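The file model10.csv comes next; it holds CSV, C-alpha atoms.
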```csv
chain,number,residue,atom,x,y,z
A,13,MET,CA,-42.9,21.8,-57.7
A,14,ALA,CA,-39.3,21.1,-57.4
A,15,LYS,CA,-38.4,19.0,-54.3
A,16,GLY,CA,-35.9,21.5,-53.0
A,17,LYS,CA,-38.3,24.5,-53.1
A,18,ARG,CA,-41.1,23.0,-51.2
A,19,PRO,CA,-42.1,25.3,-48.3
A,20,LYS,CA,-41.8,24.0,-44.7
A,21,SER,CA,-45.2,23.5,-43.2
A,22,GLY,CA,-44.4,25.5,-40.0
A,23,ALA,CA,-43.5,28.6,-42.0
A,24,HIS,CA,-47.1,29.0,-43.0
A,25,LYS,CA,-48.5,28.9,-39.5
A,26,PRO,CA,-49.5,32.2,-37.9
A,27,GLY,CA,-46.9,33.6,-35.6
A,28,ALA,CA,-44.2,31.3,-36.8
A,29,GLN,CA,-40.8,33.0,-36.9
A,30,LYS,CA,-38.0,32.2,-39.2
A,31,ARG,CA,-34.8,31.4,-37.4
A,32,SER,CA,-31.4,32.2,-38.5
A,33,PRO,CA,-29.3,29.0,-38.7
A,34,SER,CA,-26.5,30.7,-36.8
A,35,VAL,CA,-28.6,31.4,-33.7
A,36,VAL,CA,-28.4,28.7,-31.1
A,37,ALA,CA,-31.4,28.3,-28.9
A,38,PRO,CA,-30.6,29.1,-25.3
A,39,PRO,CA,-30.6,26.2,-22.8
A,40,ILE,CA,-33.8,25.6,-20.9
A,41,ALA,CA,-33.0,26.8,-17.4
A,42,ASP,CA,-36.0,25.5,-15.6
A,43,GLY,CA,-39.4,24.1,-16.1
A,44,GLY,CA,-38.5,22.4,-19.3
A,45,ASP,CA,-37.7,18.8,-20.0
A,46,GLY,CA,-35.6,17.6,-17.0
A,47,GLU,CA,-33.1,15.7,-19.1
A,48,THR,CA,-32.5,18.6,-21.4
A,49,ALA,CA,-32.1,21.0,-18.5
A,50,LYS,CA,-29.6,18.7,-16.8
A,51,SER,CA,-27.5,18.3,-20.0
A,52,HIS,CA,-27.2,22.1,-20.3
A,53,LYS,CA,-26.0,22.7,-16.7
A,54,ARG,CA,-22.6,24.2,-16.5
A,55,ARG,CA,-20.0,23.0,-14.1
A,56,PRO,CA,-18.1,25.6,-12.1
A,57,ALA,CA,-14.8,26.3,-13.8
A,58,SER,CA,-12.0,24.6,-12.0
A,59,PRO,CA,-8.3,25.6,-12.5
A,60,PRO,CA,-6.6,23.5,-15.2
A,61,ALA,CA,-4.5,20.6,-14.2
A,62,ARG,CA,-0.8,21.3,-14.2
A,63,LEU,CA,1.6,18.5,-15.3
A,64,PHE,CA,5.3,19.1,-14.7
A,65,PRO,CA,8.4,17.0,-14.7
A,66,VAL,CA,10.1,16.1,-11.4
A,67,ASP,CA,13.6,14.7,-11.2
A,68,THR,CA,14.3,14.4,-7.5
A,69,ARG,CA,17.7,14.1,-5.8
A,70,PHE,CA,16.8,10.4,-5.1
A,71,GLN,CA,16.4,9.8,-8.8
A,72,GLN,CA,19.5,11.7,-9.9
A,73,MET,CA,21.7,10.2,-7.2
A,74,ALA,CA,20.4,6.6,-7.6
A,75,ARG,CA,21.2,6.7,-11.3
A,76,ARG,CA,24.9,7.4,-10.7
A,77,SER,CA,27.3,4.8,-11.8
A,78,GLY,CA,29.1,2.8,-9.1
A,79,GLY,CA,26.1,1.3,-7.4
A,80,VAL,CA,25.8,-2.3,-6.3
A,81,PRO,CA,24.6,-4.5,-9.1
A,82,ARG,CA,21.1,-5.9,-8.5
A,83,ASP,CA,22.0,-9.6,-7.9
A,84,GLN,CA,24.8,-8.6,-5.6
A,85,ALA,CA,22.6,-6.2,-3.7
A,86,ILE,CA,19.9,-8.8,-3.2
A,87,GLU,CA,22.4,-11.4,-2.2
A,88,ARG,CA,23.9,-9.0,0.4
A,89,ALA,CA,20.5,-8.1,1.7
A,90,GLN,CA,19.6,-11.8,2.0
A,91,LYS,CA,22.8,-12.3,4.0
A,92,ALA,CA,21.9,-9.5,6.3
A,93,LEU,CA,18.6,-11.2,6.9
A,94,GLU,CA,20.3,-14.5,7.5
A,95,GLY,CA,22.4,-12.7,10.1
A,96,VAL,CA,19.4,-11.7,12.2
A,97,LYS,CA,17.7,-15.1,12.1
A,98,PRO,CA,19.2,-16.3,15.4
A,99,ALA,CA,18.0,-13.1,17.1
A,100,PHE,CA,14.6,-13.5,15.4
A,101,GLU,CA,14.1,-16.8,17.2
A,102,GLU,CA,14.5,-15.1,20.5
A,103,PHE,CA,12.2,-12.3,19.4
A,104,LEU,CA,9.6,-14.9,18.2
A,105,GLU,CA,9.8,-16.6,21.6
A,106,ARG,CA,9.4,-13.3,23.4
A,107,GLU,CA,6.5,-12.0,21.3
A,108,VAL,CA,4.5,-15.2,21.3
A,109,THR,CA,4.9,-15.6,25.1
A,110,GLY,CA,3.9,-12.0,25.6
A,111,LEU,CA,0.9,-12.4,23.4
A,112,ALA,CA,-0.1,-15.6,25.2
A,113,GLU,CA,0.2,-14.0,28.6
A,114,MET,CA,-1.9,-11.0,27.6
A,115,VAL,CA,-4.6,-13.1,26.1
A,116,LYS,CA,-4.6,-15.3,29.2
A,117,LYS,CA,-5.2,-12.2,31.4
A,118,VAL,CA,-8.0,-10.9,29.2
A,119,GLU,CA,-9.6,-14.4,29.3
A,120,ALA,CA,-9.4,-14.4,33.0
A,121,GLY,CA,-11.3,-11.1,33.1
A,122,GLN,CA,-8.3,-8.8,34.1
A,123,ASP,CA,-8.4,-5.2,32.9
A,124,GLU,CA,-6.1,-4.9,29.9
A,125,PRO,CA,-6.9,-1.5,28.3
A,126,GLY,CA,-6.0,-1.4,24.6
A,127,TRP,CA,-5.3,-5.1,24.4
A,128,ILE,CA,-6.8,-5.5,20.9
A,129,GLU,CA,-4.5,-2.8,19.6
A,130,THR,CA,-1.5,-4.3,21.3
A,131,ALA,CA,-2.4,-7.8,20.1
A,132,THR,CA,-2.9,-6.5,16.5
A,133,PHE,CA,0.5,-4.7,16.6
A,134,ARG,CA,2.2,-7.8,17.8
A,135,ALA,CA,0.5,-10.1,15.3
A,136,ARG,CA,1.3,-7.7,12.4
A,137,GLN,CA,4.9,-7.5,13.5
A,138,LEU,CA,5.1,-11.3,13.7
A,139,ARG,CA,3.4,-11.8,10.4
A,140,ASP,CA,5.7,-9.3,8.5
A,141,SER,CA,9.0,-10.2,10.1
A,142,SER,CA,8.5,-14.0,9.9
A,143,GLY,CA,7.4,-13.6,6.3
A,144,SER,CA,10.5,-11.6,5.4
A,145,LEU,CA,12.7,-14.2,7.1
A,146,ASP,CA,10.9,-17.2,5.5
A,147,TYR,CA,9.3,-18.6,8.7
A,148,GLU,CA,6.2,-19.3,6.6
A,149,LEU,CA,4.1,-21.2,9.1
A,150,VAL,CA,4.6,-18.5,11.7
A,151,SER,CA,3.7,-15.9,9.2
A,152,PHE,CA,0.6,-17.7,8.1
A,153,ILE,CA,-0.7,-18.2,11.6
A,154,ALA,CA,0.1,-14.6,12.6
A,155,GLY,CA,-1.6,-13.4,9.4
A,156,SER,CA,-4.7,-15.4,10.2
A,157,LEU,CA,-4.7,-13.8,13.7
A,158,CYS,CA,-4.4,-10.4,12.1
A,159,GLU,CA,-7.4,-11.0,10.0
A,160,LEU,CA,-9.4,-12.0,13.1
A,161,LEU,CA,-8.2,-9.0,15.2
A,162,ASP,CA,-8.9,-6.6,12.3
A,163,SER,CA,-12.4,-7.9,12.1
A,164,ILE,CA,-12.9,-7.3,15.9
A,165,GLU,CA,-11.5,-3.8,15.6
A,166,ALA,CA,-13.9,-3.2,12.8
A,167,GLY,CA,-16.8,-4.1,15.2
A,168,GLY,CA,-17.0,-7.9,14.5
A,169,GLU,CA,-17.6,-10.5,17.1
A,170,CYS,CA,-14.8,-10.8,19.7
A,171,SER,CA,-14.4,-14.6,20.0
A,172,MET,CA,-11.8,-15.3,22.7
A,173,GLU,CA,-11.9,-18.9,21.8
A,174,SER,CA,-10.8,-18.1,18.2
A,175,ILE,CA,-8.0,-15.9,19.5
A,176,VAL,CA,-6.8,-18.5,22.0
A,177,CYS,CA,-6.9,-21.1,19.2
A,178,HIS,CA,-4.5,-18.9,17.1
A,179,VAL,CA,-2.2,-18.2,20.1
A,180,ASP,CA,-2.0,-21.9,20.7
A,181,ALA,CA,-1.1,-22.5,17.1
A,182,LEU,CA,1.7,-19.8,17.4
A,183,MET,CA,3.0,-21.5,20.6
A,184,LEU,CA,3.3,-24.7,18.6
A,185,ALA,CA,4.8,-23.0,15.5
A,186,ARG,CA,7.5,-21.3,17.6
A,187,GLN,CA,8.9,-24.7,18.6
A,188,LYS,CA,12.1,-25.8,16.9
A,189,SER,CA,10.5,-28.7,15.1
A,190,TYR,CA,7.8,-26.6,13.6
A,191,ARG,CA,9.2,-23.1,13.1
A,192,ARG,CA,10.8,-23.7,9.7
A,193,MET,CA,7.7,-25.6,8.3
A,194,LYS,CA,5.5,-24.3,5.5
A,195,PRO,CA,1.7,-24.1,5.9
A,196,GLU,CA,1.1,-26.9,3.4
A,197,GLN,CA,3.1,-29.3,5.7
A,198,VAL,CA,0.4,-28.9,8.4
A,199,PRO,CA,-2.8,-28.8,6.4
A,200,GLU,CA,-5.0,-29.7,9.3
A,201,LEU,CA,-3.8,-26.8,11.3
A,202,THR,CA,-4.0,-24.3,8.5
A,203,LYS,CA,-7.4,-25.4,7.3
A,204,GLY,CA,-8.7,-25.4,10.9
A,205,LEU,CA,-7.5,-21.8,11.4
A,206,GLN,CA,-9.1,-20.7,8.2
A,207,ARG,CA,-12.4,-22.3,9.2
A,208,VAL,CA,-12.2,-20.4,12.6
A,209,VAL,CA,-11.6,-17.1,10.9
A,210,LYS,CA,-14.3,-17.6,8.3
A,211,HIS,CA,-16.8,-18.6,11.0
A,212,VAL,CA,-16.0,-15.5,13.0
A,213,THR,CA,-15.6,-12.9,10.3
A,214,VAL,CA,-18.5,-13.9,8.0
B,4,MET,CA,21.2,1.6,-8.6
B,5,ASN,CA,23.5,3.7,-6.3
B,6,LEU,CA,22.0,4.5,-2.9
B,7,ARG,CA,25.2,5.7,-1.4
B,8,ASP,CA,24.7,9.1,0.5
B,9,LEU,CA,21.0,9.2,-0.2
B,10,VAL,CA,19.0,9.8,3.0
B,11,ILE,CA,16.3,7.2,3.4
B,12,LEU,CA,13.6,7.5,6.0
B,13,VAL,CA,12.0,4.3,7.2
B,14,ALA,CA,8.7,5.0,9.0
B,15,ASP,CA,7.3,1.9,10.6
B,16,PRO,CA,5.8,1.4,14.1
B,17,SER,CA,7.7,-1.8,14.6
B,18,SER,CA,11.4,-1.5,15.5
B,19,TYR,CA,11.9,-5.0,14.4
B,20,ILE,CA,10.5,-4.5,10.9
B,21,SER,CA,12.5,-1.3,10.6
B,22,MET,CA,15.6,-3.3,11.6
B,23,LEU,CA,14.9,-5.8,8.8
B,24,ILE,CA,14.4,-3.1,6.2
B,25,HIS,CA,17.5,-1.3,7.4
B,26,GLY,CA,19.5,-4.5,6.9
B,27,MET,CA,18.2,-4.9,3.4
B,28,LEU,CA,19.0,-1.3,2.5
B,29,ARG,CA,22.5,-1.7,3.9
B,30,GLY,CA,22.9,-4.7,1.6
B,31,PHE,CA,21.8,-2.5,-1.3
B,32,GLY,CA,24.6,-0.1,-0.5
B,33,SER,CA,22.7,2.5,1.5
B,34,ASN,CA,24.6,4.3,4.3
B,35,LYS,CA,22.2,6.9,5.5
B,36,ILE,CA,19.1,5.4,6.9
B,37,LEU,CA,16.9,7.1,9.5
B,38,GLU,CA,14.0,5.4,11.4
B,39,VAL,CA,10.9,6.8,13.0
B,40,ARG,CA,7.9,5.1,14.6
B,41,ASN,CA,5.1,7.6,13.9
B,42,SER,CA,3.9,10.5,11.8
B,43,ASN,CA,5.1,13.1,14.2
B,44,GLY,CA,8.5,11.6,14.0
B,45,VAL,CA,8.3,11.9,10.2
B,46,LEU,CA,7.2,15.5,10.2
B,47,GLN,CA,9.9,16.5,12.7
B,48,THR,CA,12.5,14.7,10.7
B,49,LEU,CA,11.3,16.5,7.5
B,50,MET,CA,11.5,19.8,9.2
B,51,GLY,CA,15.0,19.2,10.3
B,52,GLN,CA,16.7,17.8,7.3
B,53,LYS,CA,16.4,16.9,3.6
B,54,ILE,CA,15.1,13.3,3.1
B,55,ASP,CA,15.5,11.7,-0.3
B,56,ILE,CA,13.0,9.0,-0.1
B,57,MET,CA,10.5,7.8,2.5
B,58,ILE,CA,9.5,4.1,3.0
B,59,CYS,CA,6.3,4.3,5.1
B,60,ASP,CA,4.0,1.8,6.6
B,61,MET,CA,0.3,2.0,5.8
B,62,HIS,CA,-0.6,1.7,9.5
B,63,LEU,CA,1.8,4.3,10.7
B,64,PRO,CA,0.3,5.8,13.9
B,65,PRO,CA,-1.6,7.8,14.7
B,66,HIS,CA,-3.5,8.4,11.4
B,67,GLY,CA,-1.9,6.1,9.0
B,68,GLY,CA,0.7,6.4,6.2
B,69,LEU,CA,-1.9,7.6,3.6
B,70,SER,CA,-3.0,10.6,5.7
B,71,LEU,CA,0.7,11.4,6.1
B,72,THR,CA,1.3,11.1,2.4
B,73,ARG,CA,-1.7,13.4,1.7
B,74,ALA,CA,-0.3,15.9,4.2
B,75,ILE,CA,3.1,16.0,2.7
B,76,ARG,CA,1.8,16.3,-0.9
B,77,GLY,CA,-0.8,18.9,0.1
B,78,LYS,CA,1.4,21.4,1.9
B,79,THR,CA,2.4,23.9,-0.7
B,80,ASP,CA,5.4,25.4,1.0
B,81,ASN,CA,7.0,22.1,1.7
B,82,GLU,CA,10.3,21.2,0.1
B,83,HIS,CA,9.5,17.5,0.4
B,84,ARG,CA,6.3,17.8,-1.5
B,85,THR,CA,7.6,15.8,-4.5
B,86,MET,CA,9.7,13.4,-2.4
B,87,PRO,CA,9.3,9.8,-3.5
B,88,ILE,CA,7.1,7.9,-1.1
B,89,LEU,CA,6.9,4.1,-1.1
B,90,ILE,CA,4.0,2.7,1.0
B,91,MET,CA,4.4,-0.7,2.7
B,92,SER,CA,1.1,-2.5,3.2
B,93,SER,CA,0.1,-6.0,4.2
B,94,ASP,CA,-3.4,-5.2,3.0
B,95,SER,CA,-3.2,-5.7,-0.7
B,96,ARG,CA,-6.9,-5.4,-1.5
B,97,GLU,CA,-7.6,-3.5,-4.7
B,98,ALA,CA,-9.4,-0.7,-2.8
B,99,THR,CA,-6.5,-0.2,-0.5
B,100,ILE,CA,-4.0,0.0,-3.3
B,101,LYS,CA,-6.1,2.6,-5.1
B,102,ARG,CA,-6.4,4.7,-2.0
B,103,ALA,CA,-2.6,4.7,-1.7
B,104,ARG,CA,-2.2,5.7,-5.3
B,105,ASP,CA,-4.8,8.4,-4.9
B,106,ALA,CA,-3.1,9.7,-1.8
B,107,GLY,CA,0.0,10.4,-3.9
B,108,ALA,CA,2.2,7.4,-3.2
B,109,ASN,CA,4.8,6.6,-5.8
B,110,MET,CA,4.5,2.9,-5.3
B,111,VAL,CA,3.0,0.3,-2.9
B,112,ILE,CA,5.0,-2.7,-1.7
B,113,ALA,CA,3.3,-5.7,-0.2
B,114,LYS,CA,4.4,-6.8,3.2
B,115,PRO,CA,6.1,-9.1,4.1
B,116,ILE,CA,8.9,-7.5,2.2
B,117,SER,CA,11.6,-9.5,0.4
B,118,PRO,CA,14.9,-8.0,-0.7
B,119,ALA,CA,14.1,-8.5,-4.4
B,120,SER,CA,10.7,-6.8,-4.2
B,121,LEU,CA,12.2,-3.8,-2.3
B,122,TYR,CA,15.1,-3.4,-4.6
B,123,ASP,CA,12.9,-3.6,-7.7
B,124,ARG,CA,10.5,-0.9,-6.4
B,125,LEU,CA,13.3,1.4,-5.4
B,126,SER,CA,14.9,0.8,-8.8
B,127,TRP,CA,11.7,1.5,-10.6
B,128,ILE,CA,11.2,4.8,-8.8
B,129,ALA,CA,14.8,5.8,-9.6
B,130,PHE,CA,14.8,4.9,-13.2
B,131,ASN,CA,11.3,5.8,-14.2
B,132,PRO,CA,10.7,9.3,-13.0
B,133,ARG,CA,7.1,10.4,-13.4
B,134,LYS,CA,5.7,13.8,-14.0
B,135,PHE,CA,3.7,15.3,-11.2
B,136,VAL,CA,0.1,16.4,-11.5
B,137,ASP,CA,-1.3,19.4,-9.6
B,138,THR,CA,-5.1,19.7,-9.6
B,139,ALA,CA,-7.7,21.0,-7.2
B,140,THR,CA,-8.1,17.5,-5.8
B,141,TYR,CA,-4.8,15.8,-6.3
B,142,PHE,CA,-1.1,16.5,-6.0
B,143,GLY,CA,1.3,13.7,-6.7
B,144,PRO,CA,2.9,11.5,-9.3
B,145,ASP,CA,1.0,11.1,-12.5
B,146,ARG,CA,-1.2,8.1,-11.9
B,147,ARG,CA,-1.3,7.2,-15.6
B,148,PHE,CA,1.7,5.1,-16.3
B,149,LYS,CA,2.6,1.7,-17.4
B,150,ILE,CA,5.1,-0.6,-15.8
B,151,GLU,CA,7.1,-2.2,-18.6
B,152,GLY,CA,9.0,-4.4,-16.2
B,153,TYR,CA,11.6,-3.7,-13.6
B,154,PRO,CA,15.2,-3.1,-14.5
B,155,GLY,CA,16.4,-6.7,-14.6
B,156,GLY,CA,13.5,-7.3,-12.3
B,157,VAL,CA,11.5,-10.2,-11.1
B,158,GLY,CA,7.9,-10.9,-11.6
B,159,ARG,CA,6.3,-12.4,-8.6
B,160,ARG,CA,8.2,-12.6,-5.4
B,161,ALA,CA,9.9,-15.7,-4.3
B,162,GLY,CA,7.4,-16.0,-1.5
B,163,ASP,CA,4.4,-15.9,-3.8
B,164,LYS,CA,4.2,-19.6,-4.1
B,165,GLU,CA,1.2,-21.6,-5.3
B,166,VAL,CA,0.0,-22.9,-2.0
B,167,GLU,CA,-3.4,-24.4,-2.0
B,168,ILE,CA,-4.5,-24.2,1.7
B,169,GLY,CA,-8.1,-23.7,1.2
B,170,ALA,CA,-10.6,-21.3,-0.2
B,171,GLU,CA,-9.4,-17.8,-0.9
B,172,SER,CA,-10.3,-15.6,2.1
B,173,GLY,CA,-10.3,-12.3,0.3
B,174,PRO,CA,-9.4,-10.5,-2.9
B,175,ALA,CA,-5.8,-9.8,-1.9
B,176,LEU,CA,-3.6,-8.8,-4.8
B,177,ALA,CA,-0.2,-10.1,-5.8
B,178,GLN,CA,2.6,-7.5,-6.1
B,179,ASP,CA,2.3,-7.6,-9.9
B,180,ASP,CA,-1.4,-6.8,-9.7
B,181,ILE,CA,-0.7,-4.0,-7.2
B,182,ASP,CA,1.8,-2.5,-9.7
B,183,ASN,CA,-0.6,-2.8,-12.5
B,184,LEU,CA,-3.3,-1.0,-10.6
B,185,PHE,CA,-1.2,2.1,-10.8
B,186,SER,CA,-1.7,2.0,-14.6
B,187,SER,CA,-5.4,1.4,-14.7
B,188,VAL,CA,-6.4,5.0,-14.8
B,189,GLN,CA,-4.7,5.3,-18.2
B,190,THR,CA,-6.6,2.5,-19.7
B,191,GLY,CA,-9.9,3.8,-18.3
B,192,GLN,CA,-10.4,0.9,-15.9
B,193,ASP,CA,-10.6,3.0,-12.8
```

Can you turn what I pasted into structure tokens?
Amino acid sequence: MAKGKRPKSGAHKPGAQKRSPSVVAPPIADGGDGETAKSHKRRPASPPARLFPVDTRFQQMARRSGGVPRDQAIERAQKALEGVKPAFEEFLEREVTGLAEMVKKVEAGQDEPGWIETATFRARQLRDSSGSLDYELVSFIAGSLCELLDSIEAGGECSMESIVCHVDALMLARQKSYRRMKPEQVPELTKGLQRVVKHVTV
Amino acid sequence: MNLRDLVILVADPSSYISMLIHGMLRGFGSNKILEVRNSNGVLQTLMGQKIDIMICDMHLPPHGGLSLTRAIRGKTDNEHRTMPILIMSSDSREATIKRARDAGANMVIAKPISPASLYDRLSWIAFNPRKFVDTATYFGPDRRFKIEGYPGGVGRRAGDKEVEIGAESGPALAQDDIDNLFSSVQTGQD
């Protein structure tokens, strides 16, 4: 018998039906093989994604000629920041003192509702403003305090000792001889704060 | 980049930070800068006038800058729906940046902000307009894009120095990595 004409074994079984090759078997809805049933499930039709161009007024206007060249713009912005530095030192003094007084009251058991939120706000403000103005040590300590306070807000241990430790570090860093220092110039202080945060937040 | 006569809304709970950003924007040539301290202030301002771009803090009270971004993008009858939104965040963990991207933010800028990093992100938004995507679950700038470099831009910020203080305390990302995250969907990494 020629190879191509050999009859299929199933075709000789009683009740076997010959399928048309164009007919696709319907998916097994239930009771069949789990994997097969899953693969045939149909997702509900969702509307197609629409993709459209947007050219906002900001983009149109910002592309006009006559703007300030990048280097000049950055230089002018830096100058503007330099101009606020003397006022920043007063702000730093005020914020650190305010933070220290609040923490002292909490430590003494006085009722200070929402003190964590206030302390977090102050610490964030100090971290971000001192960072922009290149008061790196202040920014580092305030950032470390933020980490600690965020962890307390998230339900972590509230270690007053750790908070006081950070406030003391800020009190030191606001002093004239320290305020322009970089964290790597006072490694004992920075490593100590990192250990404190790690101990409390882990 | 020409920022003259463009209305820029700075939304940050801290008046001090707003003042610093205001100073930087003035240096860039901007002359119309508005400041608000919370989401309600943003929504009231948007109802009252046309804002060209919003620079918004991630922790803007009461519900945060991402909720506000989603609200602006989600409201269909809102003329500010496609307004560029630049989110400022000191939390540069990957998950946070992805949340900002998925809320519909155009870009994320890491706090503390430097003039160069702010200029370059604004410039990138201005010179690289992206298509918007409208689906059942997302409305916002197409998240599939690639940053080819800022116009005359910088890489890392001047403040991103190699300072070895101790063990890394968390997977915070540098600004470059934040920017690159916005392109990860395209490459199938998200």

List the spatial neighbours of stretch 157-167 of chain A as a ChimeraX atom specification - criterion: any atom at most 8 Å away, only C-alpha atoms, same-chain residues fewer than 4 positions off excluded.
/A:128,131-132,135-136,153,175,178,209,212-213

Writing out the chosen residues with C-alpha atoms as a PDB file, keeping the file's coordinate frame:
```pdb
ATOM      1  CA  ILE A 128      -6.800  -5.500  20.900  1.00  0.00           C
ATOM      2  CA  ALA A 131      -2.400  -7.800  20.100  1.00  0.00           C
ATOM      3  CA  THR A 132      -2.900  -6.500  16.500  1.00  0.00           C
ATOM      4  CA  ALA A 135       0.500 -10.100  15.300  1.00  0.00           C
ATOM      5  CA  ARG A 136       1.300  -7.700  12.400  1.00  0.00           C
ATOM      6  CA  ILE A 153      -0.700 -18.200  11.600  1.00  0.00           C
ATOM      7  CA  ILE A 175      -8.000 -15.900  19.500  1.00  0.00           C
ATOM      8  CA  HIS A 178      -4.500 -18.900  17.100  1.00  0.00           C
ATOM      9  CA  VAL A 209     -11.600 -17.100  10.900  1.00  0.00           C
ATOM     10  CA  VAL A 212     -16.000 -15.500  13.000  1.00  0.00           C
ATOM     11  CA  THR A 213     -15.600 -12.900  10.300  1.00  0.00           C
TER      12      THR A 213
END
```

For a test of reading the model, state the distance in Å between atom CA of A:Leu104 and atom CA of A:Asp180, rounded to one decimal.
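Computing the Euclidean distance for atom CA of A:Leu104 and atom CA of A:Asp180 yields 13.8 Å.
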
Just the number, please: distance in Å from atom CA of B:Thr85 to atom CA of B:Gly26, one decimal.
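Computing the Euclidean distance for atom CA of B:Thr85 and atom CA of B:Gly26 yields 26.1 Å.
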
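The interatomic distance for the pair atom CA of B:Lys114 and atom CA of B:Ser93 works out to 4.5 Å.
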
Would you kindly return, as a list of chain:residue names, each protein, DNA or RNA residue with an atom no farther than 10 Å from any atom of A:Lys91, considering only C-alpha atoms and excluding same-chain residues fewer than 6 positions away?
A:Ala85, A:Lys97, B:Gly26, B:Met27, B:Gly30

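Shortest separation to A:Glu101 among A:Ser151, A:Gln71, A:Gln187, A:Ser171 occurs at residue A:Gln187, atoms counted being only C-alpha atoms.
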